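Enquirer: Below is one structure. I have some questions about it.
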Amino acid sequence: MSMRAHVGDQLIVESPTTGATERDGEIVGLHHDDGTPPYDVRWSDSDQTTLVFPGPDAHIHPTGDEPEPQREETGRHGSATTHSGARSLSEAVVMSLVEDATAAPSMHNAQPWRFEYSRRSRVFRLRADLRGALPHTDPELRALHIGCGAALMNLRVAVAHEGWEAATRLLPDPVDPMLLASVTLTRPLGDEADPAALYPAVRTRHTSRYPFAETEIPAPVRNALVDAAHREHVSLSFVSGWHLQYVVDLALEAEARNLTDAGVAADLARFTRATDDTRPATEGVPEYAFGPRRRVGKVPVRDFAGGKSIPGRPAADFETFPHLVLLSTSRDRPVDWLRTGQAVERVLLRATLAGLSASFVTQALEWHDLRWPLRDPTSAMAHVHMVLRLGYGPRGRQTPRRPVHDVLDIEP
């Protein structure tokens with residue numbers, strides 16, 4: 001049967017090896033009245049329009065089409081399954097998917113995201129929530145985009161676990177910069193369940209600010225983490241040799257600056273919680289998650305106490321040679337930040353399944369003059385967006401999240 005499309009439909013190109021969406025775009029022009037190829041397609045990853053002759057790895061997703069009402073049966077996890085194979089999502093399932101998404105990490109656990117779900121079109125929309133902005137620490141909103149990208153990755157994993165294939169578009173509306181992404185449920189999941197295999201780690205992944213063992217990470221695990229980032233078009237590299245010491249020194253310099261900068265201190269005070277704090281425990285980093293003070297070692301752990309003494313907080317010896325990884329791209333645009341966020345979370349989920357713990361070493365990224373030198377000068381990836389510390393050690397404790405009803409709107 002010939003492929004047929006209408007203007008406004010989505011063209012989805014899948015990876016021939018994984019079956020995951022490799023590229024997608026909006027059909028903005030037809031060359032035949034009957035809707036057969038070729039098409040003029042505006043690609044979501046570049047916003048450029050090209051003439052496309054779709055291959056066997058491509059399919060059309062009609063936008064705006066609403067399934068005919070049919071008798072429903074209960075599918076897994078409470079979804080409704082029609083006799084045509086299409087399923088709608090119950091409110092409980094939508095809320096559960098968003099709850100999975102919000103298990104993602106974000107800078108200072110600021111949770112800079114908001115979700116909308118359209119029942120009619122089966123589309124999730126991810127928006128930036130400026131309640132989670134850090135005006136002094138993150139003036140360009142790079143960390144906000146990365147946090148939202150991590151939540152987007154969790155949503156993609158949860159949607160696949162629920163049994164759906166989905167088309168993800170980054171920055172789908174140029175005139176609405178706070179609309180960061182859309183996730184359209186296209187059809188029931190096929191044989192290839194990626195990234196559903198990552199789902200067991202969604203609720204168990206927690207940032208750990210404790211010492212890790214001086215143990216090598218096996219090569220197969222390293223390779224799996226590199227591949228995880230690559231699947232989101234982001235480069236991951238393990239830092240070693242002189243470059244490791246340089247990255248550590250930059251982070252320590254940034255940490256020292258943070259302790260004496262009033263603006264950074266204001267951001268930190270807003271998103272940290274003392275044991276006797278009377279504010280609602282729905283965001284930020286609580287005192288129990290600060291971790292111990294660094295007594296010795298070269299790990300540049302962030303001091304969430306802001307240099308203040310906390311009674312009963314222990315000190316500990318951290319690693320001499322920490323395992324640090326850089327996540328980088330060749331460009332430095334909001335779309336690259338969103339991709340990095342997805343890569344960060346995919347890497348963290350994969351690391352969790354491999355028994356690794358992780359924490360963030362973002363201090364140098366927060367200072368313009370320190371961020372550029374972080375890069376590996378021998379790499380073509382000029383822009384570092386994230387530094388992660390990995391290792392075998394205690395799992396971190398769960399930090400609070402806003403209730404789902406506070407971050408989700410469901411439309412008819």
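Each chain of the structure tokens is named A, B, ... in the order shown, its residues numbered from 1; ligands are numbered from 1 in display order.
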Tell me which protein, DNA and RNA residues are within 10 Å of range 299-316 of chain A, counting only C-alpha atoms, leaving out same-chain ones fewer than 3 positions away, and put them as a ChimeraX atom specification.

Expert: /A:108,209-212,247-256,258-260,264-265,268-269,271-274,285-296,319-324,359-363,389

Enquirer: Do a neighbour search on range 134-148 of chain A at 10 Å with only C-alpha atoms, toss out local chain neighbours closer than 5 positions, and write the hits as a ChimeraX atom specification.

Expert: /A:101-102,104-114,126-129,153-154,178,180-181,258,261-268,270-271,332-345,362-363,365-367,385-386

Enquirer: Under the rule that only C-alpha atoms are counted, which of A:Val7, A:Ile410, A:Ala160, A:Ala358 is the nearest residue to Arg397 in chain A?

Expert: A:Ala358

Enquirer: Can you check which residues of range 55-235 of chain A DSSP gives as alpha helix (DSSP H) on the backbone and send them as a PyMOL selection string?

Expert: chain A and resi 91-101+142-162+219-230

Enquirer: Between A:Pro62, A:Gly284, A:Gly355, A:Pro377, which residue has the minimum interatomic distance to Arg187 in chain A, considering only C-alpha atoms?

Expert: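 Selected residue with least distance to Arg187 in chain A: A:Pro62.
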
Enquirer: DSSP on the backbone: which residues in range 14-202 of chain A end up as strand (DSSP E)? Give the answer as JSON, numbers by chain.

Expert: {"A": [14, 21, 22, 23, 24, 25, 26, 27, 28, 29, 30, 39, 40, 41, 42, 43, 49, 50, 51, 52, 58, 59, 60, 61, 72, 73, 74, 80, 81, 82, 87, 88, 113, 114, 115, 116, 117, 118, 123, 124, 125, 126, 127, 128, 164, 165, 166, 167, 168, 169, 170, 179, 180, 181, 182, 183, 184, 185, 186, 187, 188]}

Enquirer: Could you work out how far CA of Ala166 in chain A lies from CA of Asp406 in chain A, giving the answer in Å with one decimal?

Expert: 24.4 Å

Enquirer: Using only C-alpha atoms, which residues sit within 10 Å of range 42-52 of chain A once same-chain residues fewer than 5 positions away are excluded, as a list in words?

Expert: Gln10, Leu11, Ile12, Arg23, Asp24, Gly25, Glu26, Ile27, Val28, Gly29, Leu30, His31, Pro37, Thr168, Arg169, Leu170, Leu171, Pro172, Asp173, Pro174, Val335 and Asp336 of chain A
